[in-house]
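Next comes structure23.cif, a file with mmCIF, C-alpha atoms and all ligand atoms.
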```cif
data_entry
#
loop_
_atom_site.label_atom_id
_atom_site.label_comp_id
_atom_site.auth_asym_id
_atom_site.auth_seq_id
_atom_site.Cartn_x
_atom_site.Cartn_y
_atom_site.Cartn_z
CA MET X 1 18.67 2.24 -78.13
CA GLU X 2 19.67 1.02 -74.64
CA ALA X 3 23.32 1.74 -75.36
CA ASP X 4 22.38 5.26 -76.53
CA GLU X 5 20.41 5.78 -73.37
CA GLY X 6 23.34 4.56 -71.25
CA ARG X 7 25.70 6.94 -73.09
CA GLU X 8 23.27 9.80 -72.60
CA LEU X 9 22.98 9.09 -68.85
CA GLY X 10 26.76 8.77 -68.60
CA GLY X 11 27.09 12.18 -70.28
CA PHE X 12 24.57 13.65 -67.89
CA ARG X 13 26.49 12.26 -64.90
CA ALA X 14 29.68 13.89 -66.15
CA GLU X 15 27.86 17.19 -66.68
CA VAL X 16 26.32 17.12 -63.18
CA ARG X 17 29.63 16.16 -61.54
CA ALA X 18 31.47 19.03 -63.23
CA TRP X 19 28.70 21.47 -62.45
CA ILE X 20 28.60 20.56 -58.74
CA ALA X 21 32.42 20.82 -58.55
CA ALA X 22 32.24 24.30 -60.08
CA ASN X 23 29.29 25.60 -58.08
CA PHE X 24 29.01 23.90 -54.66
CA PRO X 25 30.80 26.06 -52.04
CA LYS X 26 33.40 24.03 -50.16
CA SER X 27 32.31 25.64 -46.88
CA LEU X 28 29.02 23.72 -47.13
CA VAL X 29 30.51 20.22 -47.43
CA ASP X 30 28.92 17.93 -44.81
CA MET X 31 26.97 20.84 -43.32
CA SER X 32 24.61 19.48 -40.69
CA ASN X 33 20.92 20.31 -41.13
CA PRO X 34 21.36 22.75 -44.03
CA MET X 35 17.64 22.46 -44.79
CA SER X 36 16.28 23.12 -41.32
CA ARG X 37 13.71 25.91 -41.35
CA GLU X 38 16.05 28.17 -39.36
CA ALA X 39 18.93 27.55 -41.77
CA MET X 40 16.68 28.35 -44.73
CA ALA X 41 15.32 31.49 -43.03
CA PHE X 42 18.78 32.81 -42.17
CA PRO X 43 21.13 31.53 -44.90
CA THR X 44 24.84 32.34 -45.09
CA PRO X 45 26.07 34.00 -48.33
CA ASP X 46 27.42 30.61 -49.49
CA GLN X 47 24.08 28.90 -48.84
CA GLU X 48 22.30 31.68 -50.70
CA ALA X 49 24.67 31.39 -53.68
CA TRP X 50 24.16 27.59 -53.83
CA ARG X 51 20.37 27.95 -53.64
CA LYS X 52 20.34 30.50 -56.47
CA ALA X 53 22.62 28.37 -58.67
CA VAL X 54 20.51 25.20 -58.25
CA GLY X 55 17.23 27.16 -58.48
CA ALA X 56 18.23 28.73 -61.79
CA LYS X 57 19.03 25.29 -63.23
CA GLY X 58 15.71 23.84 -62.07
CA TRP X 59 17.60 20.89 -60.61
CA GLY X 60 16.15 21.46 -57.12
CA THR X 61 12.85 20.19 -58.53
CA PRO X 62 14.37 17.90 -61.15
CA THR X 63 11.25 16.18 -62.44
CA TRP X 64 8.92 19.21 -62.48
CA PRO X 65 7.92 20.49 -65.95
CA THR X 66 10.19 23.05 -67.60
CA GLU X 67 7.33 25.51 -68.24
CA TYR X 68 7.24 26.21 -64.49
CA GLY X 69 11.03 26.34 -64.09
CA GLY X 70 11.64 22.67 -63.24
CA ALA X 71 14.29 20.66 -65.07
CA GLY X 72 11.82 18.21 -66.70
CA LEU X 73 14.21 15.32 -66.03
CA SER X 74 13.40 11.62 -65.99
CA ARG X 75 13.57 9.54 -62.81
CA ALA X 76 16.87 8.05 -64.02
CA HIS X 77 18.39 11.53 -64.40
CA ASP X 78 16.99 12.51 -61.00
CA LEU X 79 18.72 9.51 -59.38
CA ILE X 80 22.01 10.52 -60.99
CA TRP X 81 21.66 14.08 -59.69
CA ARG X 82 21.02 12.78 -56.14
CA ASP X 83 23.85 10.32 -56.42
CA GLU X 84 26.29 13.02 -57.49
CA LEU X 85 25.14 15.33 -54.69
CA ALA X 86 25.83 12.56 -52.16
CA ARG X 87 29.19 11.84 -53.77
CA ALA X 88 30.20 15.50 -53.38
CA ARG X 89 28.81 15.52 -49.81
CA ALA X 90 26.49 18.27 -51.01
CA TYR X 91 22.72 18.74 -50.65
CA ASN X 92 19.74 19.93 -52.64
CA PRO X 93 19.10 23.48 -51.36
CA ILE X 94 15.59 23.73 -52.80
CA GLY X 95 13.10 22.26 -50.35
CA GLY X 96 10.44 22.87 -47.75
CA MET X 97 6.70 22.46 -47.92
CA GLY X 98 6.39 24.15 -51.30
CA VAL X 99 8.52 21.47 -52.91
CA MET X 100 7.38 18.49 -50.88
CA MET X 101 3.64 19.18 -50.66
CA LEU X 102 2.14 22.17 -52.44
CA GLY X 103 3.96 21.93 -55.78
CA PRO X 104 2.86 18.36 -56.62
CA THR X 105 -0.65 19.24 -55.42
CA LEU X 106 -0.88 22.30 -57.69
CA LEU X 107 0.47 20.28 -60.61
CA GLU X 108 -2.46 17.92 -60.11
CA PHE X 109 -5.29 20.20 -58.96
CA GLY X 110 -4.23 23.83 -59.56
CA THR X 111 -5.41 26.12 -62.35
CA GLU X 112 -2.87 27.15 -64.98
CA ALA X 113 -2.81 30.66 -63.43
CA GLN X 114 -2.13 29.20 -59.97
CA ARG X 115 0.72 27.08 -61.31
CA ARG X 116 2.28 30.02 -63.16
CA GLN X 117 2.01 32.24 -60.08
CA HIS X 118 3.20 29.81 -57.41
CA LEU X 119 5.49 27.17 -58.92
CA PRO X 120 8.42 29.28 -60.24
CA PRO X 121 9.21 30.93 -56.84
CA ILE X 122 9.15 27.45 -55.25
CA VAL X 123 11.50 26.11 -57.95
CA ARG X 124 13.94 28.96 -57.26
CA GLY X 125 13.59 28.55 -53.49
CA ASP X 126 12.71 32.26 -53.27
CA LEU X 127 10.05 31.78 -50.61
CA GLN X 128 8.70 29.27 -48.13
CA TRP X 129 5.18 27.93 -47.60
CA CYS X 130 3.51 26.79 -44.39
CA GLN X 131 0.70 24.30 -43.80
CA GLY X 132 -2.48 25.57 -42.11
CA PHE X 133 -4.23 22.27 -41.41
CA SER X 134 -4.26 21.50 -37.65
CA GLU X 135 -6.43 23.44 -35.22
CA PRO X 136 -6.74 23.23 -31.42
CA GLY X 137 -9.73 20.88 -31.85
CA ALA X 138 -8.64 19.17 -35.07
CA GLY X 139 -5.46 17.07 -35.20
CA SER X 140 -5.87 13.39 -36.04
CA ASP X 141 -9.54 14.09 -36.67
CA LEU X 142 -8.59 16.81 -39.14
CA ALA X 143 -12.03 17.00 -40.77
CA SER X 144 -13.49 18.53 -37.60
CA LEU X 145 -11.66 21.77 -38.40
CA GLN X 146 -13.62 24.96 -37.74
CA MET X 147 -11.75 27.86 -39.32
CA LYS X 148 -14.36 29.56 -41.50
CA ALA X 149 -14.12 31.08 -44.95
CA GLU X 150 -17.09 33.10 -46.19
CA GLU X 151 -17.52 34.33 -49.75
CA VAL X 152 -17.69 38.12 -49.82
CA GLY X 153 -17.53 39.70 -53.28
CA ASP X 154 -14.43 38.49 -55.10
CA ALA X 155 -12.75 37.13 -51.96
CA PHE X 156 -13.01 34.62 -49.15
CA VAL X 157 -12.95 36.14 -45.66
CA LEU X 158 -11.18 33.89 -43.16
CA ASN X 159 -11.76 33.77 -39.41
CA GLY X 160 -10.34 31.25 -36.96
CA GLN X 161 -7.16 29.71 -35.64
CA LYS X 162 -4.52 27.23 -36.78
CA ILE X 163 -1.93 25.60 -34.53
CA TRP X 164 1.40 23.76 -34.80
CA THR X 165 1.99 25.68 -38.06
CA SER X 166 5.66 24.90 -38.71
CA GLY X 167 7.74 27.84 -39.90
CA ALA X 168 4.72 30.20 -40.09
CA GLN X 169 6.90 33.04 -38.78
CA TRP X 170 9.12 32.77 -41.88
CA ALA X 171 6.63 31.63 -44.51
CA ARG X 172 5.41 34.01 -47.22
CA TRP X 173 2.34 31.89 -48.13
CA CYS X 174 0.14 29.34 -46.40
CA PHE X 175 -1.97 26.52 -47.86
CA CYS X 176 -4.99 26.28 -45.64
CA LEU X 177 -7.96 24.04 -45.04
CA VAL X 178 -11.06 26.07 -44.23
CA ARG X 179 -14.73 25.38 -43.55
CA THR X 180 -16.97 26.72 -46.30
CA ASP X 181 -20.06 24.70 -45.35
CA THR X 182 -20.96 24.16 -41.69
CA THR X 183 -23.71 21.64 -42.44
CA LYS X 184 -21.32 18.93 -43.67
CA LYS X 185 -18.08 17.54 -42.25
CA HIS X 186 -15.67 16.35 -44.98
CA ASP X 187 -17.74 17.86 -47.80
CA GLY X 188 -17.74 21.31 -46.20
CA ILE X 189 -13.97 21.84 -46.43
CA SER X 190 -12.13 23.91 -49.06
CA PHE X 191 -8.42 24.30 -49.85
CA VAL X 192 -7.24 27.92 -50.18
CA LEU X 193 -3.92 29.72 -50.57
CA VAL X 194 -3.28 32.70 -48.32
CA ASP X 195 -0.60 35.39 -48.51
CA MET X 196 0.91 35.55 -45.01
CA ALA X 197 1.45 39.31 -45.45
CA SER X 198 -2.36 39.81 -45.57
CA GLU X 199 -3.93 42.11 -43.03
CA GLY X 200 -5.51 40.30 -40.07
CA ILE X 201 -2.95 37.48 -39.67
CA GLU X 202 -1.21 37.20 -36.31
CA VAL X 203 1.57 34.64 -35.91
CA ARG X 204 2.60 33.63 -32.40
CA PRO X 205 5.64 31.34 -32.26
CA ILE X 206 5.31 28.55 -29.66
CA LYS X 207 8.40 28.48 -27.48
CA LEU X 208 9.74 24.99 -26.93
CA ILE X 209 11.65 23.66 -23.95
CA GLY X 210 14.94 24.05 -25.85
CA GLY X 211 14.25 27.78 -26.29
CA ASN X 212 13.62 27.69 -30.05
CA SER X 213 10.29 28.02 -31.86
CA SER X 214 9.83 25.76 -34.80
CA PHE X 215 6.08 26.12 -34.97
CA CYS X 216 3.37 28.67 -34.26
CA GLU X 217 -0.22 29.51 -33.49
CA VAL X 218 -1.74 31.52 -36.33
CA PHE X 219 -4.81 33.69 -35.82
CA PHE X 220 -6.93 34.87 -38.74
CA THR X 221 -9.27 37.84 -38.25
CA ASN X 222 -11.22 38.93 -41.33
CA VAL X 223 -8.35 37.93 -43.61
CA ARG X 224 -9.20 38.31 -47.30
CA THR X 225 -7.85 35.97 -49.92
CA PRO X 226 -8.96 36.38 -53.56
CA LYS X 227 -11.34 33.73 -54.89
CA ASP X 228 -8.82 32.75 -57.55
CA GLN X 229 -6.71 31.29 -54.70
CA LEU X 230 -9.24 28.49 -54.17
CA VAL X 231 -7.64 25.20 -55.30
CA GLY X 232 -10.10 22.72 -56.80
CA ARG X 233 -13.81 23.25 -56.31
CA LEU X 234 -15.63 24.87 -53.41
CA ASN X 235 -16.16 22.26 -50.65
CA GLY X 236 -13.90 19.87 -52.56
CA GLY X 237 -10.84 20.47 -50.37
CA TRP X 238 -10.85 17.19 -48.43
CA ASN X 239 -9.72 15.05 -51.35
CA ILE X 240 -6.99 17.55 -52.19
CA ALA X 241 -5.85 17.54 -48.54
CA LYS X 242 -5.68 13.73 -48.53
CA ARG X 243 -3.57 13.81 -51.68
CA LEU X 244 -1.27 16.48 -50.23
CA LEU X 245 -0.85 14.40 -47.08
CA GLN X 246 0.24 11.45 -49.23
CA HIS X 247 2.92 13.68 -50.77
CA GLU X 248 3.90 14.84 -47.27
CA ARG X 249 4.17 11.27 -45.94
CA SER X 250 6.07 10.07 -48.92
CA GLY X 251 8.49 13.03 -48.47
CA LEU X 252 8.85 12.36 -44.72
CA SER X 253 9.62 8.72 -45.39
CA SER X 254 12.97 9.84 -46.86
CA MET X 255 14.09 10.32 -43.25
CA GLY X 256 14.69 6.59 -43.32
CA GLU X 257 17.44 6.98 -45.90
CA ALA X 258 21.08 7.22 -44.81
CA ALA X 259 21.77 10.60 -43.23
CA LEU X 260 24.38 13.18 -44.20
CA GLY X 261 27.54 13.13 -42.13
CA ARG X 262 29.49 10.25 -40.59
CA SER X 263 28.08 6.72 -40.71
CA LEU X 264 27.20 4.91 -37.47
CA LYS X 265 30.11 2.57 -38.12
CA ASP X 266 32.61 5.44 -38.35
CA LEU X 267 31.12 7.15 -35.30
CA ALA X 268 31.33 3.93 -33.28
CA GLY X 269 34.93 3.42 -34.40
CA ALA X 270 35.78 6.91 -33.15
CA TYR X 271 33.85 6.89 -29.85
CA VAL X 272 33.71 3.23 -28.80
CA GLY X 273 36.94 2.03 -30.42
CA VAL X 274 37.80 -1.09 -32.46
CA ASP X 275 39.13 -4.51 -31.47
CA GLU X 276 42.31 -6.11 -32.81
CA GLN X 277 40.44 -7.22 -35.95
CA GLY X 278 39.29 -3.67 -36.67
CA ARG X 279 35.67 -4.38 -35.67
CA ILE X 280 33.59 -2.12 -33.40
CA ALA X 281 34.79 -3.13 -29.95
CA ASP X 282 31.33 -3.63 -28.37
CA ALA X 283 29.86 -6.81 -29.93
CA GLU X 284 26.27 -6.07 -28.97
CA LEU X 285 26.44 -2.53 -30.37
CA ARG X 286 28.12 -3.89 -33.50
CA ALA X 287 25.23 -6.30 -34.10
CA ARG X 288 22.66 -3.54 -33.65
CA ILE X 289 24.47 -1.20 -36.03
CA ILE X 290 24.65 -3.94 -38.68
CA SER X 291 21.00 -4.74 -38.22
CA HIS X 292 20.13 -1.03 -38.55
CA GLU X 293 22.23 -0.69 -41.71
CA MET X 294 20.55 -3.73 -43.24
CA GLU X 295 17.13 -2.29 -42.50
CA THR X 296 18.20 1.04 -44.02
CA ALA X 297 19.37 -0.72 -47.18
CA ILE X 298 16.09 -2.65 -47.42
CA PHE X 299 14.16 0.56 -46.83
CA GLN X 300 16.08 2.35 -49.60
CA LEU X 301 15.35 -0.40 -52.10
CA THR X 302 11.68 -0.44 -51.12
CA ALA X 303 11.56 3.37 -51.36
CA GLN X 304 12.97 3.20 -54.90
CA ARG X 305 10.38 0.61 -55.86
CA THR X 306 7.44 2.56 -54.39
CA ALA X 307 8.72 5.75 -56.05
CA ARG X 308 8.71 3.93 -59.42
CA GLU X 309 5.22 2.58 -58.73
CA ALA X 310 4.02 6.03 -57.67
CA LYS X 311 5.34 7.51 -60.91
CA ASN X 312 3.52 4.90 -62.98
CA ALA X 313 0.34 5.51 -60.97
CA ASN X 314 0.73 9.31 -61.27
CA GLY X 315 1.43 9.96 -57.62
CA PRO X 316 1.78 8.33 -54.22
CA SER X 317 -0.87 6.08 -52.70
CA SER X 318 -1.85 4.89 -49.24
CA ALA X 319 1.45 2.98 -49.29
CA SER X 320 2.99 6.35 -48.32
CA SER X 321 1.61 5.59 -44.81
CA ILE X 322 3.71 2.40 -44.63
CA MET X 323 6.79 4.25 -45.84
CA LYS X 324 6.20 7.14 -43.44
CA ASN X 325 5.99 4.80 -40.45
CA ALA X 326 9.02 2.77 -41.56
CA GLY X 327 11.15 5.81 -42.47
CA THR X 328 10.46 7.76 -39.30
CA ARG X 329 11.06 4.70 -37.12
CA LEU X 330 14.44 4.18 -38.81
CA PHE X 331 15.27 7.85 -38.22
CA GLN X 332 14.45 7.43 -34.51
CA ASP X 333 16.50 4.21 -34.30
CA ARG X 334 19.49 5.89 -35.89
CA ALA X 335 19.21 8.88 -33.54
CA GLU X 336 18.95 6.55 -30.54
CA LEU X 337 22.00 4.52 -31.63
CA THR X 338 23.98 7.71 -32.25
CA ILE X 339 23.32 9.00 -28.73
CA GLU X 340 24.33 5.65 -27.30
CA ILE X 341 27.56 5.62 -29.31
CA LEU X 342 28.44 9.15 -28.20
CA GLY X 343 28.02 8.18 -24.53
CA TYR X 344 28.65 11.13 -22.23
CA GLN X 345 29.29 13.35 -25.28
CA GLY X 346 25.72 12.61 -26.35
CA LEU X 347 24.29 14.40 -23.34
CA GLY X 348 25.31 17.95 -24.21
CA TRP X 349 22.96 20.74 -25.15
CA GLU X 350 25.44 23.61 -25.41
CA GLY X 351 28.87 24.60 -24.17
CA GLU X 352 32.50 24.25 -25.09
CA GLY X 353 32.91 20.63 -24.07
CA PHE X 354 30.84 19.43 -27.02
CA ALA X 355 31.59 19.33 -30.74
CA GLU X 356 29.07 20.66 -33.28
CA GLU X 357 28.38 17.10 -34.47
CA GLU X 358 27.55 16.02 -30.89
CA LEU X 359 25.17 18.92 -30.25
CA THR X 360 23.42 18.27 -33.57
CA SER X 361 22.99 14.60 -32.65
CA VAL X 362 21.23 15.50 -29.40
CA ARG X 363 18.90 17.86 -31.26
CA ASP X 364 18.22 15.20 -33.94
CA TRP X 365 17.38 12.69 -31.22
CA LEU X 366 14.83 15.07 -29.67
CA THR X 367 13.44 16.20 -33.05
CA GLY X 368 13.06 12.56 -33.98
CA LYS X 369 10.36 12.17 -31.33
CA ALA X 370 8.06 14.47 -33.33
CA THR X 371 8.45 12.62 -36.61
CA THR X 372 5.95 9.95 -35.60
CA ILE X 373 3.41 12.67 -34.75
CA TYR X 374 3.50 15.24 -37.57
CA GLY X 375 2.17 14.46 -41.01
CA GLY X 376 -0.39 12.28 -39.19
CA SER X 377 0.60 10.19 -36.15
CA GLN X 378 1.94 6.64 -36.34
CA GLU X 379 -1.34 5.26 -34.95
CA VAL X 380 -3.35 7.13 -37.58
CA GLN X 381 -1.06 5.73 -40.33
CA ASN X 382 -1.69 2.26 -38.89
CA ASN X 383 -5.42 2.93 -39.21
CA ILE X 384 -4.98 3.98 -42.86
CA ILE X 385 -2.88 0.87 -43.60
CA ALA X 386 -5.49 -1.33 -41.90
CA LYS X 387 -8.40 0.23 -43.75
CA ARG X 388 -7.12 1.17 -47.21
CA ILE X 389 -4.42 -1.43 -47.78
CA LEU X 390 -5.43 -4.46 -45.71
CA GLY X 391 -9.16 -3.83 -46.13
CA LEU X 392 -9.86 -4.37 -42.44
CA PRO X 393 -13.11 -3.03 -40.96
CA ASP X 394 -13.16 0.59 -39.80
CA SER X 395 -14.15 0.01 -36.17
CA LEU X 396 -15.77 -2.44 -33.79
CA SER X 397 -19.21 -1.28 -34.90
CA ASP X 398 -18.26 -2.19 -38.51
CA MET X 399 -17.16 -5.62 -37.32
CA LYS X 400 -20.54 -6.17 -35.73
CA ALA X 401 -22.38 -4.91 -38.80
C1 LIG X 501 6.83 19.11 -34.77
C2 LIG X 501 5.41 19.19 -35.31
C3 LIG X 501 5.17 19.97 -36.43
C4 LIG X 501 3.87 20.09 -36.93
N1 LIG X 501 3.66 20.92 -38.02
C5 LIG X 501 2.41 21.09 -38.48
C6 LIG X 501 2.15 22.01 -39.55
O1 LIG X 501 3.07 22.64 -40.11
N2 LIG X 501 0.88 22.20 -39.95
C7 LIG X 501 -0.16 21.53 -39.39
O2 LIG X 501 -1.28 21.73 -39.82
N3 LIG X 501 0.03 20.65 -38.36
C8 LIG X 501 1.30 20.43 -37.89
N4 LIG X 501 1.53 19.56 -36.84
C9 LIG X 501 0.37 18.94 -36.19
C10 LIG X 501 0.27 17.44 -36.45
O3 LIG X 501 -0.21 17.17 -37.73
C11 LIG X 501 -0.66 16.89 -35.34
O4 LIG X 501 0.04 17.02 -34.12
C12 LIG X 501 -1.00 15.43 -35.56
O5 LIG X 501 -1.83 15.29 -36.67
C13 LIG X 501 -1.70 14.83 -34.32
O6 LIG X 501 -2.75 15.63 -33.90
P1 LIG X 501 -2.87 16.11 -32.37
O7 LIG X 501 -1.54 16.69 -31.96
O8 LIG X 501 -4.05 17.01 -32.26
O9 LIG X 501 -3.06 14.80 -31.55
P2 LIG X 501 -4.43 14.02 -31.30
O10 LIG X 501 -5.19 13.94 -32.58
O11 LIG X 501 -5.12 14.63 -30.14
O12 LIG X 501 -3.89 12.58 -30.92
C14 LIG X 501 -3.38 12.28 -29.62
C15 LIG X 501 -2.95 10.82 -29.62
O13 LIG X 501 -4.07 9.97 -29.88
C16 LIG X 501 -3.82 9.12 -30.98
N5 LIG X 501 -5.03 8.97 -31.80
C17 LIG X 501 -5.87 9.95 -32.18
N6 LIG X 501 -6.87 9.44 -32.93
C18 LIG X 501 -6.63 8.12 -33.04
C19 LIG X 501 -7.31 7.04 -33.69
N7 LIG X 501 -8.42 7.25 -34.41
N8 LIG X 501 -6.79 5.79 -33.58
C20 LIG X 501 -5.65 5.56 -32.86
N9 LIG X 501 -4.98 6.55 -32.20
C21 LIG X 501 -5.47 7.81 -32.30
C22 LIG X 501 -2.74 9.81 -31.79
O14 LIG X 501 -1.97 8.90 -32.53
C23 LIG X 501 -1.92 10.49 -30.69
O15 LIG X 501 -0.99 9.56 -30.17
C24 LIG X 501 2.81 19.40 -36.32
C25 LIG X 501 3.06 18.60 -35.20
C26 LIG X 501 4.35 18.49 -34.69
C27 LIG X 501 4.59 17.64 -33.50
#
```
Show this structure as structure tokens.
Ligand SMILES: Cc1cc2nc3c(=O)[nH]c(=O)nc-3n(C[C@H](O)[C@H](O)[C@H](O)COP(=O)(O)OP(=O)(O)OC[C@H]3O[C@@H](n4cnc5c(N)ncnc54)[C@H](O)[C@@H]3O)c2cc1C
Amino acid sequence: MEADEGRELGGFRAEVRAWIAANFPKSLVDMSNPMSREAMAFPTPDQEAWRKAVGAKGWGTPTWPTEYGGAGLSRAHDLIWRDELARARAYNPIGGMGVMMLGPTLLEFGTEAQRRQHLPPIVRGDLQWCQGFSEPGAGSDLASLQMKAEEVGDAFVLNGQKIWTSGAQWARWCFCLVRTDTTKKHDGISFVLVDMASEGIEVRPIKLIGGNSSFCEVFFTNVRTPKDQLVGRLNGGWNIAKRLLQHERSGLSSMGEAALGRSLKDLAGAYVGVDEQGRIADAELRARIISHEMETAIFQLTAQRTAREAKNANGPSSASSIMKNAGTRLFQDRAELTIEILGYQGLGWEGEGFAEEELTSVRDWLTGKATTIYGGSQEVQNNIIAKRILGLPDSLSDMKA
């Protein structure tokens, strides 16, 4: 039985390797940030061809059920697919919030009609979703959100504002938390899906210091969304939101895994130089790179273990908060080390004196700062770890009680 399984996996590896060789455009090898929101919104013809090929196979969402377009693969097959992508210096072109957050949430809480409507376009990568959670007065304390949804006939009518909505200017749909009962806090929140082309939605991109706009303010004025776009029960949205955030955190934790492109060791060899024994010339930097690589390896093993545990437990748990904090911190460490290695070349923002790889590193370093804020800040994850995993009291008043 085990030998059969090994042969079957070996056959699958050969199939995947041949398929990637035949379909992955050479122009995309080692492409930096191919899955940034901008790159997904404005794809090149080669990126578009790769997305369509993977989408049609269902391999972009390898473990999702086949009835919604996924490949229905086991975790072992999924690992092989990822492994072969890395080997070919390729990437999975199906991603974004639909894959990372909404899809798994609909598989757990959605109606059959919602799954059939929304999952296939996500599997094909045909459209992007955005997340309408945060509001000007509701960030870490998300349950104080105020955006209202009132039942009128066969629809909900939405009024209010969301903020920091990443990619809202390019998203076709939004999953939103709305207030459907003003007399209760957590138990007055519902989870609804909204077509961003609906009348009454105004998206205002927020211009950042670097000139780009990765997130937006979104204003809703009498926006109608049909009642069949309510996920779960009325006023039952908080539990669904918590679950979705676990999926988000577990997805964000993958930032801790080794990045595409050159390793720190290779970069240091090129920019700092090597000594007569072929080691990175700067001993202190060498020690820090080794320590970072060891932590990355430990993180990857832990991530594999928690992914296995999550599968057995039918989804991620509060442990996703530990992994989010660890993964994003590793991402920031790597970005910091990269800038140090690049030296003067790590100070460029634009211009001819800087290579593409150098400019990307500077942007990664700055983007890295946000990773410990979005998806719930590092401090809030520490609170979740303290309360739900370590069982510590909620606050000083609890300690006195
Ligand atoms: C790049 C980026 C993209 C984002 N994209 C989205 C998106 O697509 N959709 C969306 O809905 N939101 C998005 N957000 C918003 C994000 O979820 C919030 O910024 C985050 O939850 C923190 O909320 P806040 O900014 O209101 O900060 P606040 O809640 O005001 O927190 C300010 C500071 O106080 C700390 N703090 C707050 N409460 C506690 C506490 N109880 N204990 C200890 N410390 C505390 C926080 O850790 C933080 O350091 C994005 C944010 C960023 C930076």
**Asked** Hey, which of X:Asp228, X:Glu350, X:Glu217, X:Glu257 ends up closest to ligand LIG 501 (chain X)? Count only C-alpha atoms and all ligand atoms.
**Response**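 Checking each of X:Asp228, X:Glu350, X:Glu217, X:Glu257 against ligand LIG 501 (chain X), counting only C-alpha atoms and all ligand atoms, the winner is X:Glu217.
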**Request:** Determine the nearest neighbour of Trp164 in chain X from the options X:Gly132, X:Gly125, X:Gly137, X:Gly11, counting only C-alpha atoms.
**Result:**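 Counting only C-alpha atoms, the residue closest to Trp164 in chain X is X:Gly132.
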Find the residues around range 97-101 of chain X up to 9 Å (only C-alpha atoms counted), leave out those fewer than 3 positions away in its own chain, and share them as a short mmCIF file (atom, residue, chain, number, x, y, z; two decimals) with C-alpha atoms, keeping the file's coordinate frame.
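Produced file result_12.cif, reproduced below:
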```cif
data_model
loop_
_atom_site.label_atom_id
_atom_site.label_comp_id
_atom_site.auth_asym_id
_atom_site.auth_seq_id
_atom_site.Cartn_x
_atom_site.Cartn_y
_atom_site.Cartn_z
CA GLY X 60 16.15 21.46 -57.12
CA THR X 61 12.85 20.19 -58.53
CA ILE X 94 15.59 23.73 -52.80
CA PRO X 104 2.86 18.36 -56.62
CA THR X 105 -0.65 19.24 -55.42
CA LEU X 106 -0.88 22.30 -57.69
CA HIS X 118 3.20 29.81 -57.41
CA LEU X 119 5.49 27.17 -58.92
CA ILE X 122 9.15 27.45 -55.25
CA VAL X 123 11.50 26.11 -57.95
CA GLY X 125 13.59 28.55 -53.49
CA LEU X 127 10.05 31.78 -50.61
CA GLN X 128 8.70 29.27 -48.13
CA TRP X 129 5.18 27.93 -47.60
CA CYS X 130 3.51 26.79 -44.39
CA GLN X 131 0.70 24.30 -43.80
CA LEU X 244 -1.27 16.48 -50.23
CA LEU X 245 -0.85 14.40 -47.08
CA GLN X 246 0.24 11.45 -49.23
CA HIS X 247 2.92 13.68 -50.77
CA GLU X 248 3.90 14.84 -47.27
CA SER X 250 6.07 10.07 -48.92
CA GLY X 251 8.49 13.03 -48.47
CA LEU X 252 8.85 12.36 -44.72
#
```
Quick one: contact table of chain X to ligand LIG 501 (chain X), 6 Å max, nearest atom pair and distance in Å to one decimal per residue, counting all atoms listed in the file, chain and number order, as CSV?
```
residue,atom,partner,partner_atom,distance
X:Cys130,CA,X:LIG501,O1,6.0
X:Gln131,CA,X:LIG501,N2,4.4
X:Gly132,CA,X:LIG501,O2,4.6
X:Phe133,CA,X:LIG501,O2,3.4
X:Ser134,CA,X:LIG501,O2,3.7
X:Ala138,CA,X:LIG501,O8,5.8
X:Gly139,CA,X:LIG501,O8,3.3
X:Ser140,CA,X:LIG501,O10,3.6
X:Asp141,CA,X:LIG501,O10,6.0
X:Trp164,CA,X:LIG501,C8,4.5
X:Thr165,CA,X:LIG501,O1,3.8
X:Ser166,CA,X:LIG501,O1,3.7
X:Ala370,CA,X:LIG501,C27,4.7
X:Ile373,CA,X:LIG501,C27,5.3
X:Tyr374,CA,X:LIG501,C10,4.1
X:Gly375,CA,X:LIG501,O3,4.9
X:Gly376,CA,X:LIG501,O5,4.2
X:Ser377,CA,X:LIG501,O14,4.6
X:Gln378,CA,X:LIG501,O14,5.9
X:Glu379,CA,X:LIG501,O14,4.4
X:Val380,CA,X:LIG501,N8,5.4
```
Go ahead and write the selection's residues with C-alpha atoms as an mmCIF file, keeping the file's coordinate frame.
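For reference, out23.cif as written:
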```
data_model
loop_
_atom_site.group_PDB
_atom_site.id
_atom_site.type_symbol
_atom_site.label_atom_id
_atom_site.label_comp_id
_atom_site.auth_asym_id
_atom_site.auth_seq_id
_atom_site.Cartn_x
_atom_site.Cartn_y
_atom_site.Cartn_z
ATOM 1 C CA CYS X 130 3.510 26.790 -44.390
ATOM 2 C CA GLN X 131 0.700 24.300 -43.800
ATOM 3 C CA GLY X 132 -2.480 25.570 -42.110
ATOM 4 C CA PHE X 133 -4.230 22.270 -41.410
ATOM 5 C CA SER X 134 -4.260 21.500 -37.650
ATOM 6 C CA ALA X 138 -8.640 19.170 -35.070
ATOM 7 C CA GLY X 139 -5.460 17.070 -35.200
ATOM 8 C CA SER X 140 -5.870 13.390 -36.040
ATOM 9 C CA ASP X 141 -9.540 14.090 -36.670
ATOM 10 C CA TRP X 164 1.400 23.760 -34.800
ATOM 11 C CA THR X 165 1.990 25.680 -38.060
ATOM 12 C CA SER X 166 5.660 24.900 -38.710
ATOM 13 C CA ALA X 370 8.060 14.470 -33.330
ATOM 14 C CA ILE X 373 3.410 12.670 -34.750
ATOM 15 C CA TYR X 374 3.500 15.240 -37.570
ATOM 16 C CA GLY X 375 2.170 14.460 -41.010
ATOM 17 C CA GLY X 376 -0.390 12.280 -39.190
ATOM 18 C CA SER X 377 0.600 10.190 -36.150
ATOM 19 C CA GLN X 378 1.940 6.640 -36.340
ATOM 20 C CA GLU X 379 -1.340 5.260 -34.950
ATOM 21 C CA VAL X 380 -3.350 7.130 -37.580
#
```
